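**Student:** Structure file entry_24.txt (compact mmCIF, C-alpha atoms) right here:
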```
# COMPACT_ATOMS: atom_id res chain seq x y z
CA ALA A 99 10.27 -12.72 -66.46
CA GLN A 100 12.99 -11.47 -64.22
CA SER A 101 16.05 -13.39 -63.09
CA VAL A 102 19.08 -12.70 -60.94
CA THR A 103 22.51 -14.27 -61.27
CA GLN A 104 25.20 -14.05 -58.65
CA LEU A 105 28.32 -15.13 -60.38
CA ASP A 106 30.27 -16.31 -57.35
CA SER A 107 28.92 -18.86 -54.91
CA GLN A 108 31.83 -18.41 -52.51
CA VAL A 109 34.24 -15.55 -52.02
CA PRO A 110 37.08 -16.08 -49.54
CA VAL A 111 39.03 -12.97 -48.66
CA PHE A 112 41.47 -11.84 -46.01
CA GLU A 113 40.54 -9.25 -43.43
CA GLU A 114 41.05 -5.62 -44.54
CA ALA A 115 41.16 -6.64 -48.20
CA PRO A 116 38.68 -5.20 -50.71
CA VAL A 117 35.84 -7.35 -51.99
CA GLU A 118 33.35 -7.32 -54.84
CA LEU A 119 30.29 -9.56 -54.98
CA ARG A 120 28.85 -9.68 -58.45
CA CYS A 121 25.19 -9.55 -59.39
CA ASN A 122 23.59 -9.43 -62.81
CA TYR A 123 19.90 -9.31 -63.52
CA SER A 124 17.62 -9.83 -66.47
CA SER A 125 14.44 -7.86 -66.95
CA SER A 126 12.54 -6.23 -69.77
CA VAL A 127 11.11 -3.59 -67.43
CA SER A 128 12.52 -1.29 -64.81
CA VAL A 129 13.38 -2.98 -61.54
CA TYR A 130 14.25 -2.12 -58.00
CA LEU A 131 17.48 -3.71 -56.82
CA PHE A 132 18.46 -4.92 -53.38
CA TRP A 133 21.28 -6.54 -51.46
CA TYR A 134 20.41 -8.55 -48.37
CA VAL A 135 22.73 -10.13 -45.83
CA GLN A 136 21.98 -13.32 -43.94
CA TYR A 137 23.94 -14.43 -40.91
CA PRO A 138 23.83 -18.14 -39.96
CA ASN A 139 20.39 -19.38 -38.97
CA GLN A 140 18.88 -15.94 -39.23
CA GLY A 141 16.51 -14.15 -41.55
CA LEU A 142 17.53 -11.54 -44.08
CA GLN A 143 18.54 -7.98 -43.35
CA LEU A 144 18.40 -5.28 -45.99
CA LEU A 145 21.89 -4.00 -46.71
CA LEU A 146 21.12 -1.42 -49.39
CA LYS A 147 18.75 -0.72 -52.22
CA TYR A 148 18.52 1.10 -55.53
CA LEU A 149 15.18 2.59 -56.42
CA SER A 150 16.03 5.55 -58.66
CA GLY A 151 18.32 8.54 -58.84
CA SER A 152 22.00 8.20 -58.06
CA THR A 153 23.34 4.92 -59.34
CA LEU A 154 25.74 4.56 -56.41
CA VAL A 155 24.12 3.56 -53.13
CA GLU A 156 25.79 3.04 -49.79
CA SER A 157 25.08 1.19 -46.57
CA ILE A 158 25.89 2.35 -43.06
CA ASN A 159 28.59 -0.30 -42.60
CA GLY A 160 30.79 0.59 -45.54
CA PHE A 161 29.27 -1.43 -48.38
CA GLU A 162 28.30 0.22 -51.63
CA ALA A 163 26.70 -0.96 -54.85
CA GLU A 164 26.46 0.62 -58.25
CA PHE A 165 23.56 0.21 -60.62
CA ASN A 166 24.77 -0.17 -64.18
CA LYS A 167 21.82 -0.25 -66.53
CA SER A 168 23.80 -0.95 -69.69
CA GLN A 169 25.47 -3.96 -68.12
CA THR A 170 22.39 -4.92 -66.07
CA SER A 171 24.57 -5.25 -63.01
CA PHE A 172 24.41 -4.28 -59.36
CA HIS A 173 27.74 -5.35 -57.90
CA LEU A 174 28.40 -4.99 -54.18
CA ARG A 175 31.74 -3.67 -52.98
CA LYS A 176 33.56 -2.91 -49.79
CA PRO A 177 37.08 -1.43 -49.73
CA SER A 178 38.12 -3.17 -46.51
CA VAL A 179 36.26 -6.12 -45.01
CA HIS A 180 36.06 -7.24 -41.39
CA ILE A 181 35.68 -10.69 -39.88
CA SER A 182 32.16 -9.70 -38.91
CA ASP A 183 31.23 -9.31 -42.59
CA THR A 184 31.33 -13.08 -42.94
CA ALA A 185 27.81 -14.01 -44.07
CA GLU A 186 25.67 -14.97 -47.04
CA TYR A 187 24.78 -12.13 -49.37
CA PHE A 188 21.77 -12.15 -51.65
CA CYS A 189 21.03 -9.88 -54.56
CA ALA A 190 17.35 -9.42 -55.40
CA VAL A 191 15.07 -7.57 -57.78
CA SER A 192 11.46 -6.56 -57.64
CA VAL A 193 9.19 -5.15 -60.27
CA ASP A 194 6.67 -2.40 -59.76
CA ASN A 195 3.65 -4.26 -61.08
CA GLN A 196 4.17 -7.59 -59.35
CA GLY A 197 2.98 -6.76 -55.88
CA GLY A 198 6.40 -6.56 -54.33
CA LYS A 199 7.57 -10.06 -55.21
CA LEU A 200 11.29 -10.43 -54.74
CA ILE A 201 13.38 -12.58 -57.05
CA PHE A 202 16.60 -13.66 -55.36
CA GLY A 203 19.95 -14.66 -56.74
CA GLN A 204 21.62 -17.84 -55.62
CA GLY A 205 23.60 -16.14 -52.91
CA THR A 206 27.30 -15.54 -52.33
CA GLU A 207 29.02 -16.80 -49.23
CA LEU A 208 31.56 -14.23 -48.11
CA SER A 209 34.19 -15.71 -45.85
CA VAL A 210 36.60 -13.26 -44.26
CA LYS A 211 39.74 -14.83 -42.86
CA PRO A 212 42.15 -13.23 -40.38
CA GLY B 181 10.70 -0.36 -35.88
CA ALA B 182 9.57 -2.81 -38.56
CA VAL B 183 10.19 -6.00 -36.60
CA VAL B 184 8.89 -9.34 -37.78
CA SER B 185 8.91 -12.39 -35.53
CA GLN B 186 8.45 -16.05 -36.26
CA HIS B 187 7.43 -18.82 -33.92
CA PRO B 188 8.77 -21.36 -33.36
CA SER B 189 12.37 -20.78 -34.32
CA ARG B 190 12.98 -24.51 -34.52
CA VAL B 191 10.65 -27.47 -34.69
CA ILE B 192 11.22 -31.18 -35.00
CA CYS B 193 8.28 -33.38 -35.83
CA LYS B 194 7.48 -36.91 -36.90
CA SER B 195 6.57 -37.76 -40.45
CA GLY B 196 2.84 -37.47 -41.05
CA THR B 197 2.16 -34.77 -38.50
CA SER B 198 1.23 -31.16 -39.21
CA VAL B 199 3.24 -28.15 -38.13
CA LYS B 200 2.09 -24.55 -37.82
CA ILE B 201 4.50 -21.63 -38.14
CA GLU B 202 3.46 -18.14 -37.11
CA CYS B 203 4.68 -14.89 -38.60
CA ARG B 204 3.90 -11.66 -36.78
CA SER B 205 4.60 -8.03 -37.57
CA LEU B 206 5.23 -6.58 -34.14
CA ASP B 207 5.12 -2.85 -34.67
CA PHE B 208 3.30 -2.34 -37.93
CA GLN B 209 0.37 -3.66 -39.87
CA ALA B 210 1.23 -5.77 -42.86
CA THR B 211 -1.04 -5.61 -45.84
CA THR B 212 0.93 -8.37 -47.49
CA MET B 213 3.04 -11.19 -46.13
CA PHE B 214 5.28 -13.53 -48.05
CA TRP B 215 6.47 -17.05 -47.27
CA TYR B 216 9.81 -18.31 -48.51
CA ARG B 217 11.59 -21.63 -48.32
CA GLN B 218 15.34 -21.97 -48.20
CA PHE B 219 17.30 -25.18 -48.60
CA PRO B 220 20.84 -25.42 -47.18
CA LYS B 221 23.30 -23.30 -49.08
CA GLN B 222 20.61 -22.19 -51.50
CA SER B 223 18.58 -19.13 -52.21
CA LEU B 224 15.13 -18.19 -51.00
CA MET B 225 12.27 -19.46 -53.09
CA LEU B 226 8.98 -17.64 -52.82
CA MET B 227 6.22 -20.06 -51.90
CA ALA B 228 3.22 -17.80 -51.63
CA THR B 229 1.93 -14.27 -51.14
CA SER B 230 -0.85 -13.65 -48.67
CA ASN B 231 -3.05 -10.62 -48.23
CA GLU B 232 -5.11 -10.10 -45.11
CA GLY B 233 -8.59 -11.49 -45.47
CA SER B 234 -8.10 -13.16 -48.81
CA LYS B 235 -6.74 -16.41 -50.15
CA ALA B 236 -3.03 -16.76 -50.61
CA THR B 237 -1.49 -16.74 -54.07
CA TYR B 238 0.83 -19.70 -54.49
CA GLU B 239 3.82 -19.87 -56.78
CA GLN B 240 3.94 -22.45 -59.49
CA GLY B 241 4.84 -25.87 -58.15
CA VAL B 242 3.84 -25.17 -54.54
CA GLU B 243 1.06 -27.44 -53.31
CA LYS B 244 -1.62 -25.29 -51.73
CA ASP B 245 -3.15 -28.24 -49.91
CA LYS B 246 0.22 -29.13 -48.46
CA PHE B 247 1.21 -25.64 -47.36
CA LEU B 248 -1.82 -23.94 -45.89
CA ILE B 249 -1.52 -20.21 -45.43
CA ASN B 250 -3.87 -18.11 -43.35
CA HIS B 251 -3.61 -14.32 -43.02
CA ALA B 252 -6.33 -13.70 -40.49
CA SER B 253 -5.22 -10.27 -39.33
CA LEU B 254 -2.96 -7.43 -40.39
CA THR B 255 -0.27 -8.62 -37.98
CA LEU B 256 -0.42 -12.40 -38.24
CA SER B 257 0.05 -14.96 -40.98
CA THR B 258 0.42 -18.68 -40.42
CA LEU B 259 1.91 -21.42 -42.53
CA THR B 260 0.79 -24.95 -41.80
CA VAL B 261 2.76 -27.80 -43.29
CA THR B 262 0.27 -30.63 -43.44
CA SER B 263 1.28 -34.29 -43.25
CA ALA B 264 4.92 -33.33 -43.15
CA HIS B 265 7.54 -35.59 -44.68
CA PRO B 266 11.35 -35.52 -44.49
CA GLU B 267 11.55 -33.73 -47.83
CA ASP B 268 9.65 -30.81 -46.25
CA SER B 269 12.57 -30.23 -43.90
CA SER B 270 13.82 -26.75 -44.65
CA PHE B 271 14.26 -23.21 -43.37
CA TYR B 272 11.03 -21.26 -43.72
CA ILE B 273 11.21 -17.48 -43.73
CA CYS B 274 8.36 -15.00 -43.78
CA SER B 275 8.39 -11.35 -44.66
CA ALA B 276 5.88 -8.56 -44.20
CA ASP B 277 5.11 -5.49 -46.27
CA PRO B 278 3.59 -2.53 -44.43
CA GLY B 279 2.40 -1.08 -47.72
CA THR B 280 3.83 2.33 -46.95
CA SER B 281 6.67 2.51 -49.45
CA VAL B 282 6.56 2.94 -53.20
CA TYR B 283 8.54 -0.21 -53.83
CA ASN B 284 6.74 -2.62 -51.48
CA GLU B 285 9.51 -2.95 -48.90
CA GLN B 286 9.63 -6.30 -47.14
CA PHE B 287 10.83 -6.91 -43.60
CA PHE B 288 12.00 -10.43 -42.89
CA GLY B 289 11.46 -12.68 -39.94
CA PRO B 290 14.30 -14.68 -38.38
CA GLY B 291 13.16 -17.94 -39.94
CA THR B 292 11.92 -21.30 -38.69
CA ARG B 293 14.01 -24.44 -39.04
CA LEU B 294 11.73 -27.42 -39.66
CA THR B 295 13.12 -30.93 -39.33
CA VAL B 296 10.83 -33.83 -40.17
CA LEU B 297 12.02 -37.21 -38.93
```
Just give me the structure of the file as structure tokens.

**Tutor:**
Amino acid sequence: AQSVTQLDSQVPVFEEAPVELRCNYSSSVSVYLFWYVQYPNQGLQLLLKYLSGSTLVESINGFEAEFNKSQTSFHLRKPSVHISDTAEYFCAVSVDNQGGKLIFGQGTELSVKP
Amino acid sequence: GAVVSQHPSRVICKSGTSVKIECRSLDFQATTMFWYRQFPKQSLMLMATSNEGSKATYEQGVEKDKFLINHASLTLSTLTVTSAHPEDSSFYICSADPGTSVYNEQFFGPGTRLTVL
């Protein structure tokens, strides 16, 4: 079975500072990896995904994540955060032969302070 | 493109009543829809997977008689919480898979906040 662990439940950071949200997964088979963002009282929006190929993936708003197979990690980073990045971030995995089921981590609340 | 809507966005009901939540894919046909439940400050837990025209597949521990799922068309799935109780209060989120990508991409609805008094 697959599982996802987000190591930090809350990450407070000042505006324009760099941030890293950590995600580790457990799986005996190849997985697809995702980061979703959830703003208060809203559904989830896909931030970025790793399917195959280059291990470094980027989003349009400056976030990036690197797939590290040996460490089974998919940490999310941004070199300079904005107030508007304040949200809940979820790491998730899916497996090819499970009909698209997503397994989510516990979530990390990113709080950007001025 | 790839917009998923949910209705209602918020609902308050009395204990013992039933509540229906609709999930619609607005600009695509969804071969598969998923229903999730999210408690405050917690992650999303998959409740069930529904495919159009067939019975939903429920995750372990989810009562199928309590949470009725109907996927009558390729653009609509409904979740009915029967005989709701306060412990059913939660944020319910659906997602839809158009079946066009290799990795079964899901598009999420905005969620429905259910409060049972």

**Student:** Quick one: which residues from chain B are at most 6 Å off chain A, using all atoms listed in the file, as a ChimeraX atom specification?

**Tutor:** /B:223,284,288-291

**Student:** Report, in Å with one decimal, the straight-line distance from atom CA of Pro266 of chain B to atom CA of Ser195 of chain B.

**Tutor:**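 For atom CA of Pro266 of chain B relative to atom CA of Ser195 of chain B, the distance reads 6.6 Å.
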
**Student:** Report, in Å with one decimal, the straight-line distance from atom CA of Leu224 of chain B to atom CA of Ser126 of chain A.

**Tutor:**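 The value is 22.4 Å.
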
**Student:** Could you jot down the atom CA of Arg204 of chain B to atom CA of Thr237 of chain B separation for me, Å, one decimal place?

**Tutor:** 18.8 Å

**Student:** Would you list the contacts of segment 162-179 of chain A as a list of chain:residue names, taking every protein, DNA or RNA residue within 6 Å and counting all atoms listed in the file, but skipping same-chain residues closer than 2 positions in sequence?

**Tutor:** A:Glu113, A:Glu114, A:Ala115, A:Pro116, A:Val117, A:Glu118, A:Leu119, A:Arg120, A:Cys121, A:Asn122, A:Tyr123, A:Thr153, A:Leu154, A:Val155, A:Glu156

**Student:** Would you be able to write out as a PDB file with C-alpha atoms, in the coordinates of the input which residues have an atom within 7 Å of (7.3, -17.1, -47.4) in the file's coordinates, counting all atoms listed in the file?

**Tutor:**
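And here's point.pdb as it stands now:
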```
ATOM      1  CA  PHE B 214       5.280 -13.530 -48.050  1.00  0.00           C
ATOM      2  CA  TRP B 215       6.470 -17.050 -47.270  1.00  0.00           C
ATOM      3  CA  TYR B 216       9.810 -18.310 -48.510  1.00  0.00           C
ATOM      4  CA  ARG B 217      11.590 -21.630 -48.320  1.00  0.00           C
ATOM      5  CA  LEU B 226       8.980 -17.640 -52.820  1.00  0.00           C
ATOM      6  CA  MET B 227       6.220 -20.060 -51.900  1.00  0.00           C
ATOM      7  CA  ALA B 228       3.220 -17.800 -51.630  1.00  0.00           C
ATOM      8  CA  TYR B 272      11.030 -21.260 -43.720  1.00  0.00           C
ATOM      9  CA  ILE B 273      11.210 -17.480 -43.730  1.00  0.00           C
ATOM     10  CA  CYS B 274       8.360 -15.000 -43.780  1.00  0.00           C
ATOM     11  CA  SER B 275       8.390 -11.350 -44.660  1.00  0.00           C
TER      12      SER B 275
END
```

**Student:** Looking at all atoms listed in the file, which of B:Arg293, B:Thr280, B:Pro188, B:Gly233 is the one that sits closest to Lys200 of chain B?

**Tutor:**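 Once distances to Lys200 of chain B are computed over all atoms listed in the file, the minimum belongs to B:Pro188.
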